[in-house]
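Participant: Below is a structure I'd like to ask you about.
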Amino acid sequence: MLLSAKATLLQGAEHGTLVDEGGIYYRYDPKLGYLGTDRATFLVEMGSFKVKVVYHFQMISGGLDEKDGPGSYDDKKNCPNGIHWKISLNPDDPNAPIYSFEMPSQLTSAYAGLANVNLDFADLPGGAVGQTFGTNITLDDNASGHGWFVDPTPGDNSEYLPTSNPNEWQARAGTAAYGKMDMLSVLLHEYGHALGIEHSTNAHNFMATTLTPGVRRLP
C-alpha cells in the first residue's frame, strides 16, 4: 500500500513569494534586494498522519561559489549543516522528543512514536526474527541465531553492495553486516505492520514475508 502526501501552505513567506511549480515543489523568490531570513509553514498529510513543516530561508549576497554551480543543495560554506530536518511528535509538550535526520532510513524511531509502538526483545519461536501484534513489536533476542547487525551509519549503506533492485542491497564480505540479520530492515518491516501495511508478494519488497541474513531492504 502506497500513501500519497498532500501539502497545504499554512503561512507564506514574509519577505518573498512561494511559487507552486506544478504541484512538484515550491520555489522561493525573495523580494528584490532583500537580504536576511524568512520562513514558510506547510501542513503535510499522509494517511492519518499530519506533520507541520517549517522551512527556513536565508538570503545572502554573492550567491553560490562558481564551482558549485547554480541550484546547488550542498554549499558547505553558506550552509555548513547541510539539509537538516527535525520532527517533534507533540508540539504542545516541551519535553517531547525531536527527531533529527538527513536520510529516510533514520526515521525508524519517529515512525515508532507516530504509531505509538511498543518495542521489546524475546526468544521468538521457530525462525522468526520479528513479530507485530497491533502496535506491539517483538524482535528475537539473537535474530534466530544469526545475530543482529545494528548499523551505526544507516544512511550510507556502506557495508552493502547494490543489486538490480534499487531498494535492496547485499552485505559486503568482511563487514559487520555479512551473515547478520539487518535490524534496520526488520524494524521497517515490523513498523509497516504497525502502520497497517500488509505483506507484499514481491520477494524483494521490504514487506516481503522473509528476509535473508546479509540482505538490506528499504521502502
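Identifiers for the C-alpha cells are assigned positionally: chains receive A, B, ... in sequence, residues are indexed from 1 per chain, and ligands are indexed from 1 in the order shown.
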List the neighbours of Phe121 of chain A out to 6 Å using only C-alpha atoms; skip same-chain residues closer than 6 positions along the sequence, and give me the result as a list of chain:residue names.
Facilitator: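 Final neighbour list, sorted by chain and number: A:Thr138, A:Leu139, A:Asp140, A:Asp141.
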Participant: Any idea what's packed within 8 Å of Ala7 of chain A, counting only C-alpha atoms, ignoring anything in its chain fewer than 2 positions away? Could you give it as an NGL selection string?
Facilitator: :A and (5 or 9 or 42-45)
Participant: To one decimal in Å, tell me the separation between atom CA of Gln58 of chain A and atom CA of Leu32 of chain A.
Facilitator: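 So the two atoms, atom CA of Gln58 of chain A and atom CA of Leu32 of chain A, lie 14.0 Å apart.
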Participant: Any chance you could list, as a list in words, the residues in segment 111-143 of chain A that come up helix (DSSP H, G or I) when DSSP is run on the backbone?
Facilitator: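 Here are the helix (DSSP H, G or I) residues of segment 111-143 of chain A: Tyr111, Ala112, Gly113 and Leu114 of chain A.
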Participant: Quick one: pull the distance between atom CA of Ala40 of chain A and atom CA of Val19 of chain A, Å, one decimal.
Facilitator: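 Result for atom CA of Ala40 of chain A versus atom CA of Val19 of chain A: 11.9 Å, one decimal.
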Participant: Could you give me, as a VMD selection string, the residues within 8 Å of Pro30 of chain A, counting only C-alpha atoms and dropping anything in the same chain fewer than 6 positions from it?
Facilitator: chain A and resid 15 to 17 59
Participant: Between atom CA of Asn205 of chain A and atom CA of Met183 of chain A, measure the distance and give it in Å to one decimal.
Facilitator: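 One can read the atom CA of Asn205 of chain A to atom CA of Met183 of chain A distance as 15.6 Å.
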Participant: Identify, on the basis of only C-alpha atoms, every residue whose closest approach to Thr175 of chain A does not exceed 10 Å; exclude the query and any residue fewer than 6 positions from it along the same chain; express the result as a PyMOL selection string.
Facilitator: chain A and resi 149+158-160+214
Participant: For Leu119 of chain A, which residue out of A:Met46, A:Val150, A:Val54, A:Ala194 is the nearest one, using only C-alpha atoms?
Facilitator: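 Using only C-alpha atoms, Leu119 of chain A sits closest to A:Ala194.
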Participant: Find, counting only C-alpha atoms, the residue in A:Thr201, A:Asn136, A:Arg39, A:Ala143 that gets nearest to Asp123 of chain A.
Facilitator: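 Of the candidates, the smallest distance to Asp123 of chain A is held by A:Ala143.
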Participant: Show which residues sit within 12 Å of Ala203 of chain A, as a list in words. Count only C-alpha atoms, and ignore same-chain residues fewer than 3 positions away.
Facilitator: Asn165, Asn167, Glu168, His199, Ser200, Phe206, Met207, Ala208, Thr209, Thr210, Leu211, Thr212, Val215 and Arg217 of chain A
Participant: Save the residues we just selected, C-alpha atoms, as a CSV table (one decimal), in the first residue's frame?
Facilitator:
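So selection22.csv came out as:
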chain,number,residue,atom,x,y,z
A,165,ASN,CA,16.7,-3.8,-7.2
A,167,ASN,CA,15.8,-0.8,-2.7
A,168,GLU,CA,17.8,-4.0,-1.9
A,199,HIS,CA,2.8,-8.4,3.4
A,200,SER,CA,3.9,-8.0,-0.2
A,206,PHE,CA,10.6,-4.5,2.4
A,207,MET,CA,7.2,-6.0,3.3
A,208,ALA,CA,8.1,-9.5,1.9
A,209,THR,CA,7.4,-12.4,4.3
A,210,THR,CA,11.1,-13.5,4.5
A,211,LEU,CA,14.5,-11.8,4.8
A,212,THR,CA,17.9,-13.5,4.3
A,215,VAL,CA,20.3,-8.5,2.9
A,217,ARG,CA,15.7,-3.8,2.1
Participant: Go through A:Ile60, A:Leu161, A:Asp151, A:Pro213 one by one, measure the shortest atom-to-atom distance of each to Leu184 of chain A using only C-alpha atoms, and give the residue with the smallest value.
Facilitator: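 Distance minimum relative to Leu184 of chain A lands on A:Asp151.
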